[in-house]
>>> print(open('entry_22.pdb').read())   # PDB, C-alpha atoms
ATOM      1  CA  MET A   1       3.142  -0.561 -17.490
ATOM      2  CA  LYS A   2       0.463  -2.531 -15.765
ATOM      3  CA  SER A   3      -1.697  -0.147 -13.734
ATOM      4  CA  THR A   4      -2.084  -0.677 -10.001
ATOM      5  CA  VAL A   5      -5.586   0.621  -9.623
ATOM      6  CA  THR A   6      -6.556  -2.425  -7.594
ATOM      7  CA  ILE A   7      -3.941  -1.841  -4.879
ATOM      8  CA  ALA A   8      -6.362  -0.409  -2.363
ATOM      9  CA  ILE A   9      -8.479  -3.538  -2.574
ATOM     10  CA  VAL A  10      -5.851  -6.214  -3.063
ATOM     11  CA  ALA A  11      -6.329  -7.447   0.483
ATOM     12  CA  LEU A  12      -9.932  -8.253  -0.311
ATOM     13  CA  ALA A  13      -8.881 -10.060  -3.466
ATOM     14  CA  THR A  14      -6.891 -12.575  -1.450
ATOM     15  CA  ILE A  15     -10.055 -13.852   0.183
ATOM     16  CA  THR A  16     -12.027 -14.016  -3.054
ATOM     17  CA  SER A  17     -11.820 -17.290  -4.922
ATOM     18  CA  PRO A  18     -10.711 -16.565  -8.521
ATOM     19  CA  LEU A  19     -12.246 -19.793  -9.718
ATOM     20  CA  SER A  20     -15.666 -18.450  -8.821
ATOM     21  CA  PHE A  21     -15.327 -15.534 -11.232
ATOM     22  CA  SER A  22     -12.881 -16.620 -13.969
ATOM     23  CA  SER A  23     -15.680 -17.714 -16.271
ATOM     24  CA  ALA A  24     -18.183 -15.037 -15.228
ATOM     25  CA  PHE A  25     -16.552 -12.087 -17.005
ATOM     26  CA  SER A  26     -15.629 -11.471 -20.609
ATOM     27  CA  PRO A  27     -12.198 -10.048 -21.485
ATOM     28  CA  ILE A  28     -11.959  -6.294 -20.952
ATOM     29  CA  SER A  29     -10.364  -4.148 -23.639
ATOM     30  CA  LEU A  30      -9.358  -0.492 -23.202
ATOM     31  CA  THR A  31      -8.062   1.832 -25.916
ATOM     32  CA  THR A  32      -6.216   5.105 -25.330
ATOM     33  CA  LYS A  33      -4.940   7.425 -28.059
ATOM     34  CA  SER A  34      -2.555  10.349 -27.978
ATOM     35  CA  LYS A  35      -0.823  12.772 -30.328
ATOM     36  CA  LEU A  36       2.785  13.825 -29.780
ATOM     37  CA  PRO A  37       3.476  16.635 -32.268
ATOM     38  CA  GLN A  38       7.126  17.080 -31.237
ATOM     39  CA  THR A  39       8.230  13.431 -31.183
ATOM     40  CA  PRO A  40       9.155  11.491 -34.357
ATOM     41  CA  PRO A  41       7.760   7.932 -34.581
ATOM     42  CA  ASN A  42      11.111   6.164 -34.254
ATOM     43  CA  GLU A  43      12.023   8.151 -31.137
ATOM     44  CA  LEU A  44       8.660   7.282 -29.606
ATOM     45  CA  TYR A  45       9.153   3.615 -30.490
ATOM     46  CA  GLN A  46      12.618   3.549 -28.890
ATOM     47  CA  PHE A  47      11.217   5.099 -25.707
ATOM     48  CA  LEU A  48       8.209   2.799 -25.302
ATOM     49  CA  ALA A  49      10.119  -0.345 -26.285
ATOM     50  CA  SER A  50      12.666   0.254 -23.480
ATOM     51  CA  PRO A  51      11.182  -1.058 -20.198
ATOM     52  CA  ALA A  52      13.298   1.269 -18.040
ATOM     53  CA  ASN A  53      11.135   4.148 -19.287
ATOM     54  CA  TRP A  54       7.794   2.690 -18.192
ATOM     55  CA  PRO A  55       7.952   3.872 -14.557
ATOM     56  CA  LYS A  56       8.685   7.387 -15.813
ATOM     57  CA  ILE A  57       5.230   7.742 -17.355
ATOM     58  CA  VAL A  58       2.969   5.337 -15.431
ATOM     59  CA  ALA A  59       2.062   6.615 -11.987
ATOM     60  CA  SER A  60       1.578   3.161 -10.526
ATOM     61  CA  SER A  61       4.746   1.586 -11.959
ATOM     62  CA  PHE A  62       7.571   1.447  -9.402
ATOM     63  CA  SER A  63      10.396  -0.290 -11.271
ATOM     64  CA  VAL A  64      11.250  -2.835 -13.979
ATOM     65  CA  GLU A  65      13.832  -5.597 -13.614
ATOM     66  CA  SER A  66      15.081  -8.740 -15.319
ATOM     67  CA  PRO A  67      13.336 -11.938 -14.201
ATOM     68  CA  SER A  68      15.264 -13.674 -11.423
ATOM     69  CA  ASN A  69      14.882 -17.055 -13.135
ATOM     70  CA  ASN A  70      16.030 -15.790 -16.524
ATOM     71  CA  ASN A  71      18.631 -18.244 -17.848
ATOM     72  CA  LYS A  72      19.563 -15.912 -20.690
ATOM     73  CA  ASN A  73      21.818 -12.886 -20.431
ATOM     74  CA  GLU A  74      20.454 -10.105 -18.281
ATOM     75  CA  VAL A  75      18.141  -7.814 -20.216
ATOM     76  CA  ASP A  76      19.317  -4.280 -20.942
ATOM     77  CA  LEU A  77      16.274  -2.369 -19.755
ATOM     78  CA  THR A  78      17.469   0.910 -21.264
ATOM     79  CA  HIS A  79      17.185  -0.440 -24.828
ATOM     80  CA  PRO A  80      14.231  -1.891 -26.767
ATOM     81  CA  LEU A  81      13.261  -5.276 -25.355
ATOM     82  CA  PRO A  82      14.090  -8.010 -27.903
ATOM     83  CA  GLN A  83      11.251 -10.192 -29.107
ATOM     84  CA  GLY A  84      10.886 -13.229 -26.842
ATOM     85  CA  GLN A  85      12.535 -11.558 -23.834
ATOM     86  CA  SER A  86      10.676 -10.918 -20.567
ATOM     87  CA  VAL A  87      10.826  -8.367 -17.748
ATOM     88  CA  ASN A  88       9.217  -8.077 -14.338
ATOM     89  CA  GLU A  89       7.366  -4.857 -13.635
ATOM     90  CA  ILE A  90       7.050  -3.977  -9.949
ATOM     91  CA  PHE A  91       4.086  -1.797  -9.181
ATOM     92  CA  GLY A  92       1.997  -0.634  -6.271
ATOM     93  CA  LEU A  93       3.498   1.002  -3.209
ATOM     94  CA  PRO A  94       6.487  -1.103  -2.199
ATOM     95  CA  PRO A  95       7.236  -2.209   0.429
ATOM     96  CA  LEU A  96       3.623  -2.199   1.670
ATOM     97  CA  PHE A  97       1.966  -3.416  -1.544
ATOM     98  CA  PRO A  98       4.671  -4.884  -3.795
ATOM     99  CA  LEU A  99       2.887  -6.491  -6.756
ATOM    100  CA  SER A 100       4.443  -7.591 -10.030
ATOM    101  CA  VAL A 101       3.597  -8.741 -13.519
ATOM    102  CA  THR A 102       5.887 -10.469 -16.037
ATOM    103  CA  TRP A 103       5.702  -9.015 -19.534
ATOM    104  CA  THR A 104       7.034 -10.846 -22.594
ATOM    105  CA  CYS A 105       7.686  -8.992 -25.839
ATOM    106  CA  VAL A 106       5.879 -10.943 -28.565
ATOM    107  CA  LYS A 107       6.206  -8.394 -31.377
ATOM    108  CA  SER A 108       8.513  -5.430 -31.945
ATOM    109  CA  ILE A 109       8.309  -3.667 -35.306
ATOM    110  CA  PRO A 110      10.051  -0.273 -35.634
ATOM    111  CA  PRO A 111       8.162   2.362 -37.627
ATOM    112  CA  THR A 112       9.414   3.427 -41.070
ATOM    113  CA  THR A 113       8.286   6.004 -43.616
ATOM    114  CA  THR A 114       5.998   3.374 -45.156
ATOM    115  CA  ARG A 115       5.037   1.283 -42.120
ATOM    116  CA  ARG A 116       3.623   1.985 -38.697
ATOM    117  CA  GLY A 117       5.418   0.671 -35.633
ATOM    118  CA  ARG A 118       3.947  -2.067 -33.472
ATOM    119  CA  LEU A 119       4.809  -3.254 -29.951
ATOM    120  CA  GLU A 120       3.053  -6.191 -28.308
ATOM    121  CA  PHE A 121       3.610  -7.336 -24.716
ATOM    122  CA  TYR A 122       1.836 -10.301 -23.168
ATOM    123  CA  SER A 123       1.521 -11.759 -19.668
ATOM    124  CA  VAL A 124      -0.148 -15.145 -19.312
ATOM    125  CA  ASP A 125      -0.336 -15.111 -15.507
ATOM    126  CA  GLY A 126      -0.952 -11.371 -15.180
ATOM    127  CA  VAL A 127      -1.704 -10.519 -11.555
ATOM    128  CA  PRO A 128      -2.755 -13.812  -9.929
ATOM    129  CA  GLY A 129      -6.187 -13.661  -8.387
ATOM    130  CA  ILE A 130      -6.970 -10.358 -10.113
ATOM    131  CA  ALA A 131      -6.484 -10.666 -13.879
ATOM    132  CA  THR A 132      -4.793 -13.023 -16.348
ATOM    133  CA  ARG A 133      -3.852 -13.043 -20.048
ATOM    134  CA  CYS A 134      -2.926  -9.379 -19.997
ATOM    135  CA  LYS A 135      -2.048  -7.682 -23.277
ATOM    136  CA  MET A 136      -0.407  -4.312 -23.881
ATOM    137  CA  ASN A 137      -0.168  -3.266 -27.535
ATOM    138  CA  PHE A 138       1.169  -0.011 -28.996
ATOM    139  CA  ASP A 139       0.626   1.291 -32.525
ATOM    140  CA  ILE A 140       2.955   4.129 -33.537
ATOM    141  CA  ASP A 141       2.487   6.143 -36.715
ATOM    142  CA  ALA A 142       3.622   9.432 -38.190
ATOM    143  CA  ALA A 143       1.186  12.238 -37.448
ATOM    144  CA  ALA A 144       1.061  13.298 -41.086
ATOM    145  CA  ALA A 145       0.354   9.740 -42.250
ATOM    146  CA  ALA A 146      -2.398   9.300 -39.688
ATOM    147  CA  SER A 147      -4.244  12.403 -40.815
ATOM    148  CA  ALA A 148      -6.195  12.541 -44.045
ATOM    149  CA  ALA A 149      -5.767  16.313 -44.228
ATOM    150  CA  THR A 150      -2.055  17.103 -43.939
ATOM    151  CA  THR A 151      -0.691  20.577 -43.372
ATOM    152  CA  LYS A 152       1.786  22.471 -45.492
ATOM    153  CA  ASN A 153       4.585  20.896 -43.500
ATOM    154  CA  SER A 154       4.097  17.366 -44.751
ATOM    155  CA  ASN A 155       7.303  15.836 -43.367
ATOM    156  CA  ASN A 156       6.765  13.364 -40.523
ATOM    157  CA  GLU A 157       9.247  15.109 -38.258
ATOM    158  CA  GLY A 158       6.196  16.976 -37.037
ATOM    159  CA  GLY A 159       5.254  14.217 -34.644
ATOM    160  CA  SER A 160       3.535  10.925 -34.015
ATOM    161  CA  THR A 161       0.220   9.390 -33.148
ATOM    162  CA  LEU A 162       0.043   6.672 -30.528
ATOM    163  CA  SER A 163      -2.626   4.109 -29.744
ATOM    164  CA  LEU A 164      -2.525   1.833 -26.696
ATOM    165  CA  GLU A 165      -4.783  -1.189 -26.392
ATOM    166  CA  MET A 166      -4.850  -3.037 -23.087
ATOM    167  CA  GLU A 167      -6.778  -6.259 -22.619
ATOM    168  CA  TYR A 168      -7.130  -8.644 -19.697
ATOM    169  CA  GLU A 169      -9.367 -11.409 -18.425
ATOM    170  CA  PRO A 170     -10.771 -10.628 -14.959
ATOM    171  CA  GLN A 171     -10.362 -13.314 -12.327
ATOM    172  CA  SER A 172     -12.139 -11.256  -9.693
ATOM    173  CA  PRO A 173     -14.913  -8.639  -9.695
ATOM    174  CA  LEU A 174     -12.291  -6.222  -8.422
ATOM    175  CA  ALA A 175     -10.679  -6.183 -11.871
ATOM    176  CA  VAL A 176     -14.016  -5.148 -13.358
ATOM    177  CA  LEU A 177     -14.664  -2.447 -10.772
ATOM    178  CA  ALA A 178     -11.193  -1.021 -11.346
ATOM    179  CA  THR A 179     -11.739  -0.512 -15.084
ATOM    180  CA  PRO A 180     -12.730   3.216 -14.922
ATOM    181  CA  ILE A 181      -9.667   4.035 -12.830
ATOM    182  CA  LEU A 182      -7.432   2.056 -15.186
ATOM    183  CA  THR A 183      -8.853   4.109 -18.053
ATOM    184  CA  VAL A 184      -7.853   7.326 -16.284
ATOM    185  CA  ASP A 185      -4.423   5.907 -15.445
ATOM    186  CA  ASN A 186      -3.758   5.086 -19.099
ATOM    187  CA  ALA A 187      -4.959   8.507 -20.227
ATOM    188  CA  LEU A 188      -2.645  10.272 -17.781
ATOM    189  CA  ALA A 189       0.281   8.137 -18.918
ATOM    190  CA  LEU A 190      -0.156   8.829 -22.641
ATOM    191  CA  LYS A 191      -1.632  12.321 -22.677
ATOM    192  CA  VAL A 192       0.145  13.987 -19.734
ATOM    193  CA  PHE A 193       3.203  12.169 -18.431
ATOM    194  CA  LEU A 194       4.590  10.812 -21.721
ATOM    195  CA  PRO A 195       4.736  14.207 -23.524
ATOM    196  CA  SER A 196       6.228  15.801 -20.402
ATOM    197  CA  VAL A 197       8.977  13.195 -20.015
ATOM    198  CA  LEU A 198       9.832  13.218 -23.727
ATOM    199  CA  LEU A 199      10.060  17.005 -23.723
ATOM    200  CA  GLU A 200      12.283  17.014 -20.663
ATOM    201  CA  SER A 201      14.562  14.280 -22.032
ATOM    202  CA  SER A 202      14.947  16.131 -25.333
ATOM    203  CA  THR A 203      16.151  19.295 -23.583
ATOM    204  CA  SER A 204      18.258  17.681 -20.869
ATOM    205  CA  THR A 205      21.937  16.963 -21.355
ATOM    206  CA  THR A 206      22.647  15.609 -17.852
ATOM    207  CA  THR A 207      20.538  12.489 -17.632
ATOM    208  CA  THR A 208      23.318  10.336 -16.194
ATOM    209  CA  THR A 209      24.654  12.834 -13.654
ATOM    210  CA  ASN A 210      21.170  13.315 -12.204
ATOM    211  CA  ALA A 211      20.722   9.609 -11.398
ATOM    212  CA  PRO A 212      21.319   9.941  -7.600
ATOM    213  CA  LEU A 213      18.883  12.841  -7.413
ATOM    214  CA  ASP A 214      16.278  10.919  -9.405
ATOM    215  CA  LYS A 215      16.610   7.992  -7.009
ATOM    216  CA  PHE A 216      16.073  10.359  -4.074
ATOM    217  CA  ARG A 217      12.992  11.872  -5.734
ATOM    218  CA  ARG A 218      11.473   8.435  -6.278
ATOM    219  CA  LEU A 219      12.285   7.342  -2.723
ATOM    220  CA  MET A 220      10.708  10.422  -1.150
ATOM    221  CA  GLY A 221       7.717  10.218  -3.480
ATOM    222  CA  THR A 222       7.139   6.620  -2.366
ATOM    223  CA  LEU A 223       7.522   7.514   1.322
ATOM    224  CA  TYR A 224       5.139  10.457   0.986
ATOM    225  CA  GLY A 225       2.643   8.249  -0.846
ATOM    226  CA  ILE A 226       2.738   5.698   1.965
ATOM    227  CA  ALA A 227       2.491   8.492   4.544
ATOM    228  CA  GLY A 228      -0.608   9.893   2.859
ATOM    229  CA  LEU A 229      -2.341   6.514   2.982
ATOM    230  CA  ALA A 230      -1.247   5.995   6.598
ATOM    231  CA  HIS A 231      -2.577   9.425   7.594
ATOM    232  CA  ALA A 232      -5.909   8.688   5.903
ATOM    233  CA  TYR A 233      -6.181   5.368   7.739
ATOM    234  CA  ASP A 234      -5.386   7.075  11.038
ATOM    235  CA  LEU A 235      -8.027   9.742  10.476
ATOM    236  CA  ILE A 236     -10.739   7.247   9.508
ATOM    237  CA  PHE A 237      -9.978   4.157  11.573
ATOM    238  CA  GLY A 238      -7.157   5.004  13.978
ATOM    239  CA  GLY A 239      -8.757   7.591  16.190
ATOM    240  CA  SER A 240      -6.679  10.464  14.751
ATOM    241  CA  GLN A 241      -3.690   9.597  16.937
ATOM    242  CA  LEU A 242      -1.373  12.065  15.204
ATOM    243  CA  LEU A 243      -3.816  14.940  15.597
ATOM    244  CA  VAL A 244      -4.458  14.105  19.241
ATOM    245  CA  ALA A 245      -0.723  13.859  19.981
ATOM    246  CA  ALA A 246      -0.323  17.315  18.439
ATOM    247  CA  GLY A 247      -2.945  18.720  20.813
ATOM    248  CA  ALA A 248      -5.860  18.810  18.354
ATOM    249  CA  PRO A 249      -9.202  17.008  18.661
ATOM    250  CA  PRO A 250      -9.991  13.932  16.527
ATOM    251  CA  PHE A 251     -10.774  14.463  12.857
ATOM    252  CA  GLU A 252     -14.547  14.286  13.292
ATOM    253  CA  ALA A 253     -14.421  17.047  15.936
ATOM    254  CA  LEU A 254     -12.398  19.471  13.807
ATOM    255  CA  PRO A 255     -14.104  22.475  12.225
ATOM    256  CA  LEU A 256     -14.865  22.207   8.521
ATOM    257  CA  GLN A 257     -11.740  24.123   7.529
ATOM    258  CA  GLY A 258      -9.600  21.840   9.664
ATOM    259  CA  GLN A 259     -11.142  18.726   8.149
ATOM    260  CA  ALA A 260     -10.506  20.084   4.656
ATOM    261  CA  LEU A 261      -6.856  20.729   5.503
ATOM    262  CA  ALA A 262      -6.511  17.222   6.971
ATOM    263  CA  VAL A 263      -7.969  15.675   3.810
ATOM    264  CA  LEU A 264      -5.601  17.772   1.684
ATOM    265  CA  TRP A 265      -2.718  16.535   3.839
ATOM    266  CA  CYS A 266      -3.687  12.944   3.002
ATOM    267  CA  LEU A 267      -4.101  13.637  -0.717
ATOM    268  CA  VAL A 268      -0.776  15.382  -1.319
ATOM    269  CA  GLY A 269       1.045  12.171  -0.356
ATOM    270  CA  PRO A 270      -0.259  10.132  -3.322
ATOM    271  CA  LEU A 271       0.083  13.263  -5.481
ATOM    272  CA  SER A 272       3.773  13.462  -4.603
ATOM    273  CA  PHE A 273       4.119   9.761  -5.412
ATOM    274  CA  ILE A 274       2.563  10.248  -8.860
ATOM    275  CA  LYS A 275       4.797  13.226  -9.640
ATOM    276  CA  SER A 276       7.888  11.309  -8.510
ATOM    277  CA  ARG A 277       7.211   8.754 -11.264
ATOM    278  CA  ILE A 278       7.664  11.539 -13.828
ATOM    279  CA  GLY A 279      10.936  12.809 -12.397
ATOM    280  CA  GLY A 280      12.763  16.066 -12.904
ATOM    281  CA  ASN A 281      11.233  19.358 -11.861
ATOM    282  CA  ILE A 282       7.772  17.807 -11.751
ATOM    283  CA  ALA A 283       8.940  15.385  -9.052
ATOM    284  CA  ASP A 284      10.482  18.279  -7.127
ATOM    285  CA  LEU A 285       7.181  20.139  -7.337
ATOM    286  CA  GLY A 286       5.415  17.178  -5.735
ATOM    287  CA  LEU A 287       7.896  17.156  -2.844
ATOM    288  CA  ILE A 288       7.568  20.928  -2.381
ATOM    289  CA  ILE A 289       3.764  20.801  -2.356
ATOM    290  CA  TYR A 290       3.786  18.052   0.267
ATOM    291  CA  GLY A 291       6.238  19.999   2.417
ATOM    292  CA  LEU A 292       4.244  23.228   2.192
ATOM    293  CA  VAL A 293       0.966  21.534   3.081
ATOM    294  CA  GLU A 294       2.555  19.684   6.004
ATOM    295  CA  VAL A 295       4.193  22.810   7.421
ATOM    296  CA  ALA A 296       1.038  24.884   6.872
ATOM    297  CA  GLY A 297      -1.097  22.246   8.572
ATOM    298  CA  ALA A 298       1.322  21.984  11.481
ATOM    299  CA  GLY A 299       1.304  25.766  11.806
ATOM    300  CA  ALA A 300      -2.495  25.816  11.885
ATOM    301  CA  LEU A 301      -2.508  23.148  14.611
ATOM    302  CA  ARG A 302       0.049  25.084  16.656
ATOM    303  CA  LEU A 303      -1.909  28.305  16.263
ATOM    304  CA  GLY A 304      -5.276  26.786  17.110
ATOM    305  CA  TYR A 305      -4.449  24.185  19.765
ATOM    306  CA  GLY A 306      -0.925  24.829  21.038
ATOM    307  CA  ALA A 307       2.007  22.426  20.980
ATOM    308  CA  GLY A 308       0.449  19.383  22.649
ATOM    309  CA  ASP A 309       2.688  16.430  23.553
ATOM    310  CA  LEU A 310       4.783  17.092  20.456
ATOM    311  CA  ASP A 311       5.210  20.427  18.756
ATOM    312  CA  PRO A 312       3.816  19.827  15.242
ATOM    313  CA  LEU A 313       5.344  22.937  13.699
ATOM    314  CA  VAL A 314       8.868  22.320  15.010
ATOM    315  CA  ASN A 315       8.729  18.682  13.911
ATOM    316  CA  ALA A 316       7.378  19.531  10.452
ATOM    317  CA  ILE A 317      10.052  22.177   9.862
ATOM    318  CA  ALA A 318      12.776  19.812  11.071
ATOM    319  CA  VAL A 319      11.622  16.996   8.772
ATOM    320  CA  GLN A 320      11.373  19.260   5.734
ATOM    321  CA  GLY A 321      14.749  20.753   6.547
ATOM    322  CA  ILE A 322      16.280  17.262   6.477
ATOM    323  CA  VAL A 323      14.523  16.517   3.199
ATOM    324  CA  GLY A 324      15.852  19.748   1.705
ATOM    325  CA  LEU A 325      19.432  19.042   2.793
ATOM    326  CA  SER A 326      19.153  15.506   1.416
ATOM    327  CA  TRP A 327      17.952  16.903  -1.902
ATOM    328  CA  PHE A 328      20.984  19.199  -2.167
ATOM    329  CA  TYR A 329      23.314  16.361  -1.179
ATOM    330  CA  SER A 330      21.813  14.045  -3.823
ATOM    331  CA  SER A 331      21.988  16.750  -6.479
ATOM    332  CA  SER A 332      25.707  17.180  -5.847
ATOM    333  CA  LYS A 333      26.498  13.470  -6.216
ATOM    334  CA  LYS A 334      27.495  11.872  -9.499
ATOM    335  CA  GLU A 335      26.448   8.476 -10.790
ATOM    336  CA  GLU A 336      29.030   5.894  -9.751
TER     337      GLU A 336
END
>>> encode(input="entry_22.pdb", output="structure tokens")
Amino acid sequence: MKSTVTIAIVALATITSPLSFSSAFSPISLTTKSKLPQTPPNELYQFLASPANWPKIVASSFSVESPSNNNKNEVDLTHPLPQGQSVNEIFGLPPLFPLSVTWTCVKSIPPTTTRRGRLEFYSVDGVPGIATRCKMNFDIDAAAAASAATTKNSNNEGGSTLSLEMEYEPQSPLAVLATPILTVDNALALKVFLPSVLLESSTSTTTTTNAPLDKFRRLMGTLYGIAGLAHAYDLIFGGSQLLVAAGAPPFEALPLQGQALAVLWCLVGPLSFIKSRIGGNIADLGLIIYGLVEVAGAGALRLGYGAGDLDPLVNAIAVQGIVGLSWFYSSSKKEE
């Protein structure tokens, strides 16, 4: 669940000597807390201890896999990671920015009626050149036990409290500058995405049959995320080649409303990527929002500047039509 807040500046990190900064910064520790009133402690423990669930709640996490050099039996990522076992978490925006961190489970204590649960994951190497000695610790307790003033319903089926502590040693100033964004990333994971995913999983009875569709959602979310970044680069540094090819002037020459729409077009790409990490209807919403903004923007270009060398509206409708057909095809497939 390592956040990828430093992705946008990773290229700069490669030219910064980590030895120059490794002793200049103290370890950074971040704490995030959340309450999940509808999730019992043991269910929450089972979810967080299973690495396959991490990309579902962390926007920047792409996938989790068994280490390629693991001499032991391959790890079952859908079950709690045994103590002493390791997994590789792929994060960023593969294939453009494929970064990874190897997490080892050093403590795994399930919660009971008399004991809080504890999960500890550790990465010695962390993200080379950025941060090392990364820690990710979860404390899981019954909501009733965590509150001094309990309600009439004193059974602990009412929910859980969760505390996440992340710690790392910066090897670059970039790791320090990224701290506020990492704080937001953790808060979104625990306070927004985690409750949403748990609620959806508790009401869904077709988790296996939806696997092909989920893969499609994640693929399109990744492609839209990359597209959003590429569009932003083109608008700022590339001379607005896409706009010019569509018959519009460069970004800086657009009216204020046009610039706002172009910025929105760039932002909905990463938004779609974030929603695709959650899955389900939320992922579909991200794809729909991107499609609507793209078609609306193309329509505005066509209305204001004509078709240009390529008709933006026809192309946008054609692309979204293909995406829609692919969605229906994926939804009809079963997991093999």
>>> atom_distance(input="entry_22.pdb", atom1="atom CA of A:Gly239", atom2="atom CA of A:Pro312")
17.6 Å
>>> resolve_selection(input="entry_22.pdb", expression="the PyMOL selection byres ((chain A and resi 28-43) around 9)", output="ChimeraX atom specification")
/A:25-27,44-48,110-112,116-117,140-143,156-170,176,179,182-183,186-187,190-191,194-195,198-199
>>> resolve_selection(input="entry_22.pdb", expression="the PyMOL selection byres ((chain A and resi 269-273) around 9)", output="PDB file with C-alpha atoms, in the frame of the given file")
ATOM      1  CA  ALA A  59       2.062   6.615 -11.987  1.00  0.00           C
ATOM      2  CA  SER A  60       1.578   3.161 -10.526  1.00  0.00           C
ATOM      3  CA  ARG A 218      11.473   8.435  -6.278  1.00  0.00           C
ATOM      4  CA  LEU A 219      12.285   7.342  -2.723  1.00  0.00           C
ATOM      5  CA  MET A 220      10.708  10.422  -1.150  1.00  0.00           C
ATOM      6  CA  GLY A 221       7.717  10.218  -3.480  1.00  0.00           C
ATOM      7  CA  THR A 222       7.139   6.620  -2.366  1.00  0.00           C
ATOM      8  CA  LEU A 223       7.522   7.514   1.322  1.00  0.00           C
ATOM      9  CA  TYR A 224       5.139  10.457   0.986  1.00  0.00           C
ATOM     10  CA  GLY A 225       2.643   8.249  -0.846  1.00  0.00           C
ATOM     11  CA  ILE A 226       2.738   5.698   1.965  1.00  0.00           C
ATOM     12  CA  ALA A 227       2.491   8.492   4.544  1.00  0.00           C
ATOM     13  CA  GLY A 228      -0.608   9.893   2.859  1.00  0.00           C
ATOM     14  CA  LEU A 229      -2.341   6.514   2.982  1.00  0.00           C
ATOM     15  CA  LEU A 264      -5.601  17.772   1.684  1.00  0.00           C
ATOM     16  CA  TRP A 265      -2.718  16.535   3.839  1.00  0.00           C
ATOM     17  CA  CYS A 266      -3.687  12.944   3.002  1.00  0.00           C
ATOM     18  CA  LEU A 267      -4.101  13.637  -0.717  1.00  0.00           C
ATOM     19  CA  VAL A 268      -0.776  15.382  -1.319  1.00  0.00           C
ATOM     20  CA  ILE A 274       2.563  10.248  -8.860  1.00  0.00           C
ATOM     21  CA  LYS A 275       4.797  13.226  -9.640  1.00  0.00           C
ATOM     22  CA  SER A 276       7.888  11.309  -8.510  1.00  0.00           C
ATOM     23  CA  ARG A 277       7.211   8.754 -11.264  1.00  0.00           C
ATOM     24  CA  ALA A 283       8.940  15.385  -9.052  1.00  0.00           C
ATOM     25  CA  ASP A 284      10.482  18.279  -7.127  1.00  0.00           C
ATOM     26  CA  LEU A 285       7.181  20.139  -7.337  1.00  0.00           C
ATOM     27  CA  GLY A 286       5.415  17.178  -5.735  1.00  0.00           C
ATOM     28  CA  LEU A 287       7.896  17.156  -2.844  1.00  0.00           C
ATOM     29  CA  ILE A 288       7.568  20.928  -2.381  1.00  0.00           C
ATOM     30  CA  ILE A 289       3.764  20.801  -2.356  1.00  0.00           C
ATOM     31  CA  TYR A 290       3.786  18.052   0.267  1.00  0.00           C
TER      32      TYR A 290
END
>>> closest_residue(input="entry_22.pdb", among="A:Met136, A:Leu77, A:Ile57, A:Val295", to="A:Val314", atoms="all atoms listed in the file")
A:Val295
>>> residues_around(input="entry_22.pdb", residues="A:Leu301", least_positions_apart="3", cutoff="9 Å", atoms="all atoms listed in the file", output="NGL selection string")
:A and (243 or 246-248 or 258 or 296-298 or 304-307 or 312-313)
>>> resolve_selection(input="entry_22.pdb", expression="the PyMOL selection byres ((chain A and resi 320-322) around 10)", output="PyMOL selection string")
chain A and resi 287-288+290-292+294-295+315-319+323-327
>>> residues_around(input="entry_22.pdb", residues="A:Ser50", least_positions_apart="6", cutoff="6 Å", atoms="only C-alpha atoms", output="ChimeraX atom specification")
/A:77-81
>>> residues_near_point(input="entry_22.pdb", point="(17.4, -7.3, -23.6)", cutoff="12 Å", atoms="only C-alpha atoms", output="PDB file with C-alpha atoms, in the coordinates of the input")
ATOM      1  CA  ALA A  49      10.119  -0.345 -26.285  1.00  0.00           C
ATOM      2  CA  SER A  50      12.666   0.254 -23.480  1.00  0.00           C
ATOM      3  CA  PRO A  51      11.182  -1.058 -20.198  1.00  0.00           C
ATOM      4  CA  ALA A  52      13.298   1.269 -18.040  1.00  0.00           C
ATOM      5  CA  GLU A  65      13.832  -5.597 -13.614  1.00  0.00           C
ATOM      6  CA  SER A  66      15.081  -8.740 -15.319  1.00  0.00           C
ATOM      7  CA  PRO A  67      13.336 -11.938 -14.201  1.00  0.00           C
ATOM      8  CA  ASN A  70      16.030 -15.790 -16.524  1.00  0.00           C
ATOM      9  CA  LYS A  72      19.563 -15.912 -20.690  1.00  0.00           C
ATOM     10  CA  ASN A  73      21.818 -12.886 -20.431  1.00  0.00           C
ATOM     11  CA  GLU A  74      20.454 -10.105 -18.281  1.00  0.00           C
ATOM     12  CA  VAL A  75      18.141  -7.814 -20.216  1.00  0.00           C
ATOM     13  CA  ASP A  76      19.317  -4.280 -20.942  1.00  0.00           C
ATOM     14  CA  LEU A  77      16.274  -2.369 -19.755  1.00  0.00           C
ATOM     15  CA  THR A  78      17.469   0.910 -21.264  1.00  0.00           C
ATOM     16  CA  HIS A  79      17.185  -0.440 -24.828  1.00  0.00           C
ATOM     17  CA  PRO A  80      14.231  -1.891 -26.767  1.00  0.00           C
ATOM     18  CA  LEU A  81      13.261  -5.276 -25.355  1.00  0.00           C
ATOM     19  CA  PRO A  82      14.090  -8.010 -27.903  1.00  0.00           C
ATOM     20  CA  GLN A  83      11.251 -10.192 -29.107  1.00  0.00           C
ATOM     21  CA  GLY A  84      10.886 -13.229 -26.842  1.00  0.00           C
ATOM     22  CA  GLN A  85      12.535 -11.558 -23.834  1.00  0.00           C
ATOM     23  CA  SER A  86      10.676 -10.918 -20.567  1.00  0.00           C
ATOM     24  CA  VAL A  87      10.826  -8.367 -17.748  1.00  0.00           C
ATOM     25  CA  THR A 104       7.034 -10.846 -22.594  1.00  0.00           C
ATOM     26  CA  CYS A 105       7.686  -8.992 -25.839  1.00  0.00           C
TER      27      CYS A 105
END
>>> atom_distance(input="entry_22.pdb", atom1="atom CA of A:Val64", atom2="atom CA of A:Glu89")
4.4 Å
>>> decode(input="entry_22.pdb", residues="stretch 114-118 of chain A", atoms="C-alpha atoms", output="tab-separated table (two decimals), in the first residue's frame")
chain	number	residue	atom	x	y	z
A	114	THR	CA	-10.11	-9.37	24.48
A	115	ARG	CA	-7.26	-8.31	22.18
A	116	ARG	CA	-6.83	-5.81	19.39
A	117	GLY	CA	-5.48	-6.95	16.05
A	118	ARG	CA	-2.06	-5.91	14.80
